[in-house]
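Source file: data-v5.json (JSON, C-alpha atoms)
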[["chain", "number", "residue", "atom", "x", "y", "z"],
["Z", 1, "MET", "CA", 21.78, -4.39, -10.81],
["Z", 2, "ILE", "CA", 19.22, -4.10, -13.58],
["Z", 3, "PRO", "CA", 18.05, -7.45, -14.99],
["Z", 4, "GLY", "CA", 19.30, -8.29, -18.47],
["Z", 5, "MET", "CA", 22.40, -6.09, -18.30],
["Z", 6, "ASN", "CA", 25.90, -7.45, -18.22],
["Z", 7, "LYS", "CA", 28.69, -5.80, -16.18],
["Z", 8, "LYS", "CA", 30.06, -3.86, -19.16],
["Z", 9, "GLN", "CA", 26.65, -2.38, -20.00],
["Z", 10, "MET", "CA", 26.12, -1.57, -16.34],
["Z", 11, "LYS", "CA", 29.43, 0.32, -16.12],
["Z", 12, "GLN", "CA", 28.57, 2.30, -19.27],
["Z", 13, "MET", "CA", 25.19, 3.17, -17.84],
["Z", 14, "GLU", "CA", 26.76, 4.21, -14.52],
["Z", 15, "ARG", "CA", 29.18, 6.56, -16.36],
["Z", 16, "GLN", "CA", 26.28, 8.12, -18.29],
["Z", 17, "MET", "CA", 24.24, 8.51, -15.12],
["Z", 18, "LYS", "CA", 27.18, 10.19, -13.35],
["Z", 19, "LYS", "CA", 27.51, 12.69, -16.23],
["Z", 20, "MET", "CA", 23.81, 13.55, -15.81],
["Z", 21, "GLY", "CA", 24.12, 13.96, -12.03],
["Z", 22, "MET", "CA", 22.39, 10.69, -11.28],
["Z", 23, "LYS", "CA", 23.53, 8.27, -8.59],
["Z", 24, "MET", "CA", 22.32, 4.69, -8.15],
["Z", 25, "GLU", "CA", 23.20, 2.30, -5.35],
["Z", 26, "ASP", "CA", 22.00, -1.11, -4.22],
["Z", 27, "LEU", "CA", 20.62, -1.17, -0.68],
["Z", 28, "GLU", "CA", 21.87, -4.34, 0.96],
["Z", 29, "GLY", "CA", 20.12, -6.16, 3.79],
["Z", 30, "ALA", "CA", 16.48, -5.34, 2.99],
["Z", 31, "ARG", "CA", 14.35, -8.17, 4.37],
["Z", 32, "GLU", "CA", 10.88, -7.00, 3.43],
["Z", 33, "VAL", "CA", 9.03, -4.23, 1.60],
["Z", 34, "ILE", "CA", 5.39, -3.55, 2.47],
["Z", 35, "ILE", "CA", 3.04, -1.45, 0.35],
["Z", 36, "ARG", "CA", -0.13, -0.67, 2.30],
["Z", 37, "PHE", "CA", -3.53, -0.01, 0.75],
["Z", 38, "ASP", "CA", -6.83, 0.59, 2.58],
["Z", 39, "GLU", "CA", -7.94, -3.03, 2.31],
["Z", 40, "LYS", "CA", -4.77, -5.01, 1.51],
["Z", 41, "GLU", "CA", -1.00, -5.09, 1.70],
["Z", 42, "LEU", "CA", 1.57, -6.16, -0.87],
["Z", 43, "ILE", "CA", 4.51, -7.80, 0.85],
["Z", 44, "ILE", "CA", 7.79, -8.45, -0.96],
["Z", 45, "ASP", "CA", 10.08, -10.78, 0.99],
["Z", 46, "ASN", "CA", 13.85, -10.67, 0.43],
["Z", 47, "PRO", "CA", 13.65, -7.88, -2.18],
["Z", 48, "SER", "CA", 16.43, -6.38, -4.23],
["Z", 49, "VAL", "CA", 16.25, -2.65, -3.55],
["Z", 50, "SER", "CA", 18.08, 0.08, -5.45],
["Z", 51, "LEU", "CA", 18.11, 3.78, -4.64],
["Z", 52, "MET", "CA", 18.44, 6.28, -7.47],
["Z", 53, "ASN", "CA", 19.11, 9.95, -6.71],
["Z", 54, "VAL", "CA", 18.46, 12.41, -9.52],
["Z", 55, "MET", "CA", 19.02, 16.06, -8.60],
["Z", 56, "GLY", "CA", 17.96, 15.43, -5.00],
["Z", 57, "GLN", "CA", 14.89, 13.37, -5.90],
["Z", 58, "GLU", "CA", 15.10, 9.83, -4.49],
["Z", 59, "THR", "CA", 13.50, 6.93, -6.37],
["Z", 60, "TYR", "CA", 13.46, 3.36, -5.10],
["Z", 61, "GLN", "CA", 13.41, 0.37, -7.42],
["Z", 62, "ILE", "CA", 12.17, -2.84, -5.83],
["Z", 63, "GLU", "CA", 12.47, -6.28, -7.37],
["Z", 64, "GLY", "CA", 10.99, -9.47, -5.99],
["Z", 65, "LYS", "CA", 7.91, -11.60, -5.79],
["Z", 66, "ALA", "CA", 4.98, -9.88, -4.08],
["Z", 67, "ARG", "CA", 2.28, -11.61, -2.10],
["Z", 68, "GLU", "CA", -1.06, -10.01, -1.38],
["Z", 69, "VAL", "CA", -2.55, -10.00, 2.11],
["Z", 70, "GLU", "CA", -6.14, -8.92, 2.66],
["Z", 71, "LEU", "CA", -6.55, -6.81, 5.79],
["Z", 72, "GLU", "CA", -9.22, -7.82, 8.21],
["Z", 73, "TYR", "CA", -10.14, -5.36, 10.85],
["Z", 74, "GLU", "CA", -13.13, -4.76, 13.00],
["Z", 75, "VAL", "CA", -14.69, -1.32, 12.99],
["Z", 76, "GLU", "CA", -15.80, -0.09, 16.39],
["Z", 77, "ILE", "CA", -19.19, 1.52, 16.00],
["Z", 78, "PRO", "CA", -20.43, 3.79, 18.80],
["Z", 79, "ASP", "CA", -23.93, 3.17, 20.16],
["Z", 80, "GLU", "CA", -24.86, 6.76, 19.19],
["Z", 81, "ASP", "CA", -24.13, 5.97, 15.53],
["Z", 82, "ILE", "CA", -26.22, 2.80, 15.65],
["Z", 83, "GLU", "CA", -29.12, 4.70, 17.22],
["Z", 84, "MET", "CA", -28.89, 7.53, 14.69],
["Z", 85, "VAL", "CA", -28.88, 5.13, 11.71],
["Z", 86, "ALA", "CA", -31.74, 3.10, 13.22],
["Z", 87, "ASN", "CA", -33.84, 6.25, 13.73],
["Z", 88, "SER", "CA", -32.97, 7.75, 10.33],
["Z", 89, "ALA", "CA", -33.69, 4.57, 8.38],
["Z", 90, "ASN", "CA", -36.58, 3.47, 10.63],
["Z", 91, "VAL", "CA", -35.04, 0.03, 11.28],
["Z", 92, "SER", "CA", -34.03, -1.98, 14.33],
["Z", 93, "LYS", "CA", -30.73, -1.34, 16.08],
["Z", 94, "GLU", "CA", -29.52, -4.79, 14.98],
["Z", 95, "ASP", "CA", -30.18, -3.96, 11.31],
["Z", 96, "ALA", "CA", -28.53, -0.55, 11.73],
["Z", 97, "LYS", "CA", -25.44, -2.13, 13.33],
["Z", 98, "ALA", "CA", -25.19, -4.74, 10.53],
["Z", 99, "ALA", "CA", -25.42, -2.02, 7.87],
["Z", 100, "LEU", "CA", -22.78, 0.11, 9.63],
["Z", 101, "GLU", "CA", -20.42, -2.87, 9.87],
["Z", 102, "GLU", "CA", -20.92, -3.62, 6.19],
["Z", 103, "CYS", "CA", -20.28, 0.03, 5.31],
["Z", 104, "LYS", "CA", -17.23, 0.19, 7.62],
["Z", 105, "GLY", "CA", -18.83, 2.77, 9.88],
["Z", 106, "ASP", "CA", -19.96, 5.18, 7.15],
["Z", 107, "LEU", "CA", -23.21, 6.64, 8.50],
["Z", 108, "ALA", "CA", -24.53, 8.12, 5.25],
["Z", 109, "GLU", "CA", -23.78, 4.98, 3.25],
["Z", 110, "ALA", "CA", -25.46, 2.77, 5.87],
["Z", 111, "ILE", "CA", -28.62, 4.93, 5.87],
["Z", 112, "MET", "CA", -28.76, 4.97, 2.06],
["Z", 113, "LYS", "CA", -28.30, 1.20, 1.98],
["Z", 114, "LEU", "CA", -31.14, 0.65, 4.44],
["Z", 115, "ASN", "CA", -33.45, 3.04, 2.61],
["Z", 116, "SER", "CA", -32.94, 1.50, -0.82]]
Representation of the structure as structure tokens:
Amino acid sequence: MIPGMNKKQMKQMERQMKKMGMKMEDLEGAREVIIRFDEKELIIDNPSVSLMNVMGQETYQIEGKAREVELEYEVEIPDEDIEMVANSANVSKEDAKAALEECKGDLAEAIMKLNS
């Protein structure tokens, strides 16, 4: 159900949607919705989820309180990459490895960082 609408308004809206070929249903039993980004996740616990179908196109409406979780992951950096960055930037392997870790394994970015 859409917040702020009473049952009568909801029924009127459902009739209008049906005339336009739109179908909306509540999806019961959803425990969690996760939206993943490169560096974080948005997690919505116990969400209210509705599915709207308009001419074959499905749209989900999600209601609930989201919490943000930062992703922590370790990038595995091959020894060949460390050696290449060290040689290209004329630095020690330790400095090259630190730069690669900071740049999440991006060789070009690590070299540019060490040369600046």
Which residues, written as number ranges by chain, have at least one atom at most 10 Å from Z:Glu68, with only C-alpha atoms counted and residues fewer than 3 positions away on the same chain left out?
Z: 34-35, 40-44, 71
List the spatial neighbours of stretch 51-53 of chain Z as a PDB file with C-alpha atoms, in the frame of the given file - criterion: any atom at most 7 Å away, only C-alpha atoms, same-chain residues fewer than 5 positions off excluded.
ATOM      1  CA  MET Z  22      22.390  10.690 -11.280  1.00  0.00           C
ATOM      2  CA  LYS Z  23      23.530   8.270  -8.590  1.00  0.00           C
ATOM      3  CA  MET Z  24      22.320   4.690  -8.150  1.00  0.00           C
ATOM      4  CA  GLU Z  25      23.200   2.300  -5.350  1.00  0.00           C
ATOM      5  CA  ASP Z  26      22.000  -1.110  -4.220  1.00  0.00           C
ATOM      6  CA  LEU Z  27      20.620  -1.170  -0.680  1.00  0.00           C
ATOM      7  CA  GLU Z  58      15.100   9.830  -4.490  1.00  0.00           C
ATOM      8  CA  THR Z  59      13.500   6.930  -6.370  1.00  0.00           C
ATOM      9  CA  TYR Z  60      13.460   3.360  -5.100  1.00  0.00           C
ATOM     10  CA  GLN Z  61      13.410   0.370  -7.420  1.00  0.00           C
TER      11      GLN Z  61
END
Please report the interatomic distance between atom CA of Z:Ile62 and atom CA of Z:Ser50 in Å with one decimal.
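Atom CA of Z:Ser50 lies 6.6 Å from atom CA of Z:Ile62.
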Counting only C-alpha atoms, find residues at most 10 Å from (12.8, -11.4, -0.3) (file frame) and give them as a list in words.
Gly29, Ala30, Arg31, Glu32, Val33, Ile43, Ile44, Asp45, Asn46, Pro47, Ser48, Val49, Glu63, Gly64, Lys65 and Ala66 of chain Z
Padding 6 Å on every side, please: axis-aligned box over the listed atoms of stretch 10-18 of chain Z, centre and edge lengths to one decimal in Å, as AutoDock Vina command-line options.
--center_x 26.8 --center_y 4.3 --center_z -16.3 --size_x 17.2 --size_y 23.8 --size_z 17.9
